[in-house]
Every structure is written in C-alpha cells, then in structure tokens.
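Read through the structure below, which is laid out as structure tokens, and then see the notes.
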Amino acid sequence: MPWPEAMAPVRMCRVAVVVPRTALRDALVRIAQAGCVELDRAEETALGPAALRLRRVQGRSEHAGPRTRGPAVLAVAAPDLDQLEKQQDVGLLVGEAQLEERAEGAVRRGEVAALAGWCPAAEVPRVAERLAAAGGALLPLPSPRGTDPPTLLRPAGAISFTPLVTTYGTPPYTDLDPSWPAGLAYVAMFGIMFGDVGHGALLLLGALALRLGRPRRLAPLRRLWPFLAGAGLASVLAGATYGEFFGPTGLLPVLWLAPLDAPARLLAAAVVFGAGLLALAHAAGAVNRVRESGWGSGLYAASGCAGLLFYLGLALAAVGLVLHVSPPAVAGAVLAVAGLSLVALGLFRATAGGGAGLAETVVRLFDVVVRTGTNTLSFARLAAFGLTHAALADLVWRGTTSLAGRGAAWVVGAAVLFAVGTALTFGLEALVAGVQALRLEFYELFSRLFETEGRPFRPWHVPPAEPADALLRR
C-alpha cells in the first residue's frame, strides 16, 4: 500500500441501497449482519411496534428483574412481537426496533424502496453481493456537496495506536491519519521520562499479561497493550543509555549520560527532541490545511505552510546562533520573518479589516509567537521528569545499600526497602510519565494537526439471532 494511502483514513463511498419493497426487511438484515454500512436515518420518526413493546418491557423491568438476552440481535424471519414482549426478550426487541428505525428512513416509490448511506469503498463489492441475493443492489453515488464523509481510521491489525487519536477527537475525513506517528512519539516521550531497564521490563511483562487477557478484570483494556509494550520497550532503551537498572545499581554501563550527572545536557536534548516533533507536527498540519481548504487557506494558516516556514526559520536561526555561524542564523531569521508575515496576512484576512482588524491581528500574532516558544520549551519536562525518576530510584538504592552495609541483620530490611521503594517509584513515575506524555501529545502536537473535528463512521451492525430465535414467526 502506498504511504499516502496508508496515512489517510479509510476511503468512503456514498451508496444507495435499492431493493423491492417486499424485500426491504431481508436487505436490512443482510446489511446489519455485514456491519460495514452506515445508513442515513430519518430525523424524527414515530415509535414502531417493536419500539413500543420494548418501552413497555423496559418499564416493567424497573419493578421486576428482566429476563434479557443481552445485546441486540436480529432474527432472519420477522418474529412475533407479542410473543417477544411476553417473554421479555429485550435482545430481539432492540434489534427489531433498530430495524424499524432504519426502514423509516427509506424512500418508497411504487414497488421499490431505497436508502442512502456510507460504506468503505473496499467493502462495496462484498455488500453488493449480499444484497443481490435479496434481489437488491448497492449503487455508488456522488458525495453530497458540502458534506464530508464520516471518518474511519485505518485498522492496523493486532497493533494499533488509533485509541490515542480517537481519545482526542475524530480527525476530519480529508486529514492525515496520525495514529502510528503519534503512537511512536508517545512511547518515545514516555521512555525518556521513565528510562530504566528494570522498570521497562516490568512494563513489558504487564503488556504480555494484558495481551493474554490476564487478569480477567482488565480484559476491557486489552486493546491498550501496544501502548504498554511500546512504553516498556522505550523505557528499556532509554534506561540502557542512562545506565539505569532499578536505579543506578552499577549493573549496566552508561552508554550516553547519567541523568543526575548531566542534567543540563539532558534538558537541552529534550528540548531539541521536542523541537523535532513540533516541526513534524507543523509539516503534517500544513498538509492537513491544504487538504481541507486548498492552498488559499493552507498557505497563510498559523498551523499551515506559513507556520511551518516560521518554525523552520526559528530553528535554523537558533542552530546558527548556538554554533556561532552567521549564514544559517541570517537565513533562518529571514525565513522566520517571511513565515510570520504570511501568518499576519492570513490573520488579518480573517478579520473585518480597519483599525480593529489590525489590533486583533497584532494580538493574535503575539500569541502565535509566544505559543511557539512556550510549546518548544514545554518539552523540557521530558528531562525534568526523567531526572525526578532517576532521583527517586537513586534515593531508594542509596537507602538499600546503606541498610545492607550495616550487617547481615539489616539485609531483610534492605530488601523490604528496595521492594517497597521500587514499587512506589514505579507506580508514581509511570502515572506521571503517562499523563505528561499524553499532555504533550494533545496540547503541543495535536493542536497543530487538527483545527476542526470530523464525524466518526458508525456502521449499523446487529448479529444474527440463534437458530431457535429465528424460528419465531408471525
């Protein structure tokens, strides 16, 4: 798959479901079982027979325990609704009520009924084949003008970082899908703050247990195991460079730096790392602005091409100043001024003009400059919390060695101190690193990627009922 396609949401197709009126129920049952079509629904519909019976059953269940079947299901043949109400079969009643609601959105002309909706383009042939068996057809339609398709982020098999994006919001259909880059950035930031080979290994063991569904009460969180595994691996790698194994135990050599011995160097590296992430976020934001509104708006947006030019210019100027080389510093300053001028022009174009528009532009331009600096320096927290983690681990290790050095009678106390101190450090710092990495992801990076929110793709999916239920006839 070409990378531009892999970095975009699943391509959607506007479709029309056309069937004989007598086969409408059969077609809807097949669509519900396929589970990949989002049908348009009528805005206001009266309650159908199944919905009325469902309401009565649910009302009675408030006073007496219901005999429910769990989630919604659909019978192949139309069931006896009175019998379902008598049996308080909520599962089938919910399925029938949903089917009635979708059927109300159908347009009927003579002997033909039609519904409109959205379907992933790759699934259109499969759904069309299922409908053909009911005497219907699935026809591609042009997308309605002024309406964006719903967004479905591309599935990534067993390893997926899409929950990180969907927790923030739904990207517009035209935007890039940043799931994998965002996930890698998250685990890298976590690892920098939680760098310890021993602690990272514990996270990897936790990820393995979560992947296997253990403990069972945490089974709903199973889809988060890639985050835990990625964070554990990043922590192991960062800990190896720090020489940390449950603290500065001396069991590992320092491959790069010991955090407590070179805090200034670690702070500088964290800011440079954050600047690189911000530059990538600016570039992705520029692509999104162009895809959303074309070059006219994307060129002048603070989170578009103008903002990217401004940030790259600042970065080049900073490199030139740090290295005491004039040409890069001058070139960077020129690029930064050019980018900021384009941002100012775009901001002014969005105002009513005149003196008030100019004042508003100045204030918003000042905010852009300040936010650029503060967002970059905000990544210093990666080093700050990494230092905190190293300091706590060092404190536990010093206490452990101090007790153990007093004699054999103190060895048990030293072991208890090491176990309790490590557990407290692990729990506290894992929580802090997880929250801080999420904060940097959302406020510093995603705020440049997304300016608007899309609509999530919600296909209608109701599984078939058991054979015994399907025998319930009118």
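Convention: chains lettered A, B, ... in structure tokens order; per-chain residue numbering from 1; ligands numbered from 1 as shown.
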Write out as a count of residues only each polymer residue whose atoms come within 12 Å of segment 390-397 of chain A, counting only C-alpha atoms; drop sequence neighbours fewer than 4 positions from it. 50
In segment 32-223 of chain A, DSSP strand (DSSP E) residues written as an NGL selection string: :A and (38-39 or 107-109 or 112-120 or 137-141)
Can you tell me which residues surround Leu84 of chain A at a distance of at most 9 Å, considering only C-alpha atoms, apart from same-chain residues fewer than 5 positions away, and format the answer as a PyMOL selection string? chain A and resi 53+79+89-90+92-93+472
Please produce a file of those selected residues containing N, CA, C and O atoms, as a PDB file, in the first residue's frame.
```pdb
ATOM      1  N   ARG A  53     -43.240  -1.919  22.191  1.00  0.00           N
ATOM      2  CA  ARG A  53     -43.181  -3.092  23.070  1.00  0.00           C
ATOM      3  C   ARG A  53     -41.904  -3.089  23.900  1.00  0.00           C
ATOM      4  O   ARG A  53     -41.913  -3.488  25.078  1.00  0.00           O
ATOM      5  N   PRO A  79     -40.126 -11.851  13.593  1.00  0.00           N
ATOM      6  CA  PRO A  79     -40.627 -12.597  14.752  1.00  0.00           C
ATOM      7  C   PRO A  79     -42.003 -12.109  15.189  1.00  0.00           C
ATOM      8  O   PRO A  79     -42.497 -11.072  14.735  1.00  0.00           O
ATOM      9  N   ASP A  89     -38.022 -10.621  25.809  1.00  0.00           N
ATOM     10  CA  ASP A  89     -36.786 -10.868  25.064  1.00  0.00           C
ATOM     11  C   ASP A  89     -36.264  -9.530  24.543  1.00  0.00           C
ATOM     12  O   ASP A  89     -36.539  -9.115  23.414  1.00  0.00           O
ATOM     13  N   VAL A  90     -35.489  -8.847  25.373  1.00  0.00           N
ATOM     14  CA  VAL A  90     -35.028  -7.499  25.050  1.00  0.00           C
ATOM     15  C   VAL A  90     -34.089  -7.502  23.857  1.00  0.00           C
ATOM     16  O   VAL A  90     -34.120  -6.590  23.023  1.00  0.00           O
ATOM     17  N   LEU A  92     -33.941  -9.328  21.038  1.00  0.00           N
ATOM     18  CA  LEU A  92     -34.631  -9.313  19.746  1.00  0.00           C
ATOM     19  C   LEU A  92     -35.483  -8.066  19.572  1.00  0.00           C
ATOM     20  O   LEU A  92     -35.598  -7.535  18.463  1.00  0.00           O
ATOM     21  N   LEU A  93     -36.080  -7.569  20.659  1.00  0.00           N
ATOM     22  CA  LEU A  93     -36.882  -6.347  20.549  1.00  0.00           C
ATOM     23  C   LEU A  93     -36.007  -5.148  20.189  1.00  0.00           C
ATOM     24  O   LEU A  93     -36.407  -4.297  19.385  1.00  0.00           O
ATOM     25  N   LEU A 472     -38.987 -18.006  15.394  1.00  0.00           N
ATOM     26  CA  LEU A 472     -40.155 -17.257  15.872  1.00  0.00           C
ATOM     27  C   LEU A 472     -40.774 -16.536  14.673  1.00  0.00           C
ATOM     28  O   LEU A 472     -40.187 -15.621  14.137  1.00  0.00           O
TER      29      LEU A 472
END
```
Please list as a list of chain:residue names every residue within 9 Å of Leu342 of chain A, counting only C-alpha atoms and excluding residues in the same chain fewer than 4 positions away.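 Contacts, with the query itself left out: A:Leu299, A:Tyr300, A:Ala301, A:Ala302, A:Cys305, A:Ala306, A:Gly307, A:Phe310, A:Val337, A:Ala338, A:Gly346, A:Leu347.
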How would the residues just chosen look if you wrote them out with N, CA, C and O atoms as a short mmCIF file (atom, residue, chain, number, x, y, z; two decimals), in the first residue's frame?
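As written to disk, result.cif reads:
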```
data_model
loop_
_atom_site.label_atom_id
_atom_site.label_comp_id
_atom_site.auth_asym_id
_atom_site.auth_seq_id
_atom_site.Cartn_x
_atom_site.Cartn_y
_atom_site.Cartn_z
N LEU A 299 -1.88 28.15 2.90
CA LEU A 299 -0.63 28.90 2.80
C LEU A 299 -0.46 29.87 3.95
O LEU A 299 0.65 30.06 4.45
N TYR A 300 -1.56 30.47 4.43
CA TYR A 300 -1.46 31.54 5.42
C TYR A 300 -1.74 31.09 6.84
O TYR A 300 -1.60 31.89 7.77
N ALA A 301 -2.15 29.87 7.05
CA ALA A 301 -2.55 29.43 8.39
C ALA A 301 -1.34 29.32 9.32
O ALA A 301 -0.25 28.92 8.91
N ALA A 302 -1.57 29.66 10.60
CA ALA A 302 -0.50 29.53 11.59
C ALA A 302 -0.13 28.07 11.80
O ALA A 302 1.01 27.76 12.15
N CYS A 305 1.26 26.20 6.12
CA CYS A 305 2.56 26.41 5.50
C CYS A 305 3.30 27.60 6.09
O CYS A 305 4.53 27.55 6.29
N ALA A 306 2.57 28.69 6.41
CA ALA A 306 3.22 29.87 6.98
C ALA A 306 3.80 29.55 8.35
O ALA A 306 4.94 29.95 8.66
N GLY A 307 3.04 28.84 9.17
CA GLY A 307 3.55 28.47 10.48
C GLY A 307 4.75 27.54 10.40
O GLY A 307 5.69 27.65 11.19
N PHE A 310 7.76 29.66 9.47
CA PHE A 310 8.19 30.43 10.64
C PHE A 310 8.97 29.56 11.61
O PHE A 310 10.04 29.95 12.09
N VAL A 337 10.90 35.63 9.50
CA VAL A 337 10.16 36.87 9.24
C VAL A 337 9.18 36.68 8.10
O VAL A 337 8.03 37.14 8.15
N ALA A 338 9.61 35.95 7.05
CA ALA A 338 8.71 35.70 5.93
C ALA A 338 7.51 34.87 6.37
O ALA A 338 6.36 35.16 6.01
N GLY A 346 -2.63 36.22 6.86
CA GLY A 346 -3.77 35.31 7.00
C GLY A 346 -4.67 35.71 8.15
O GLY A 346 -5.91 35.64 8.04
N LEU A 347 -4.11 36.13 9.27
CA LEU A 347 -4.91 36.56 10.40
C LEU A 347 -5.70 37.82 10.08
O LEU A 347 -6.87 37.95 10.46
#
```
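Nearest residue to Pro9 of chain A, choosing from A:Leu212, A:Leu440, A:Leu237, A:Leu153 and counting only C-alpha atoms: A:Leu153.
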Need the shell around Phe190 of chain A: protein/DNA/RNA residues with any atom at most 9 Å away, counting only C-alpha atoms. Skip same-chain ones fewer than 4 positions apart. Format as an MDAnalysis selection string? chainID A and resid 185:186 194:195 231:232 234:235 382 430 433:434 436:438
Out of segment 396-460 of chain A, which residues get helix (DSSP H, G or I) from DSSP, as a ChimeraX atom specification? /A:396-404,408-449
So which residues touch segment 273-280 of chain A within 10 Å, counting only C-alpha atoms, skipping near sequence neighbours fewer than 5 positions away, as a VMD selection string? chain A and resid 181 to 182 185 189 267 to 268 285 to 286 307 to 309 311 to 312 315 372 to 373 375 to 382 440 to 441 444 to 446 448 to 449
Just the number, please: distance in Å from atom CA of Gln87 of chain A to atom CA of Leu52 of chain A, one decimal.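 We find that atom CA of Gln87 of chain A and atom CA of Leu52 of chain A lie 15.0 Å from each other.
Our summary of the geometry notes that atom CA of Gly320 of chain A is positioned 20.1 Å from atom CA of Ala264 of chain A.
The shortest atom-to-atom distance to Gly230 of chain A, with only C-alpha atoms taken into account, belongs to A:Gly206 out of A:Gly213, A:Gly206, A:Gly110, A:Pro253.
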Coordinates-based distance that separates atom CA of Val236 of chain A from atom CA of Arg223 of chain A (Å, one decimal):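 Between these atoms lies a distance of 21.8 Å.
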Can you tell me which residues surround Val127 of chain A at a distance of at most 8 Å, considering only C-alpha atoms, apart from same-chain residues fewer than 2 positions away, and format the answer as an NGL selection string? :A and (31 or 34 or 123-125 or 129-131 or 138)
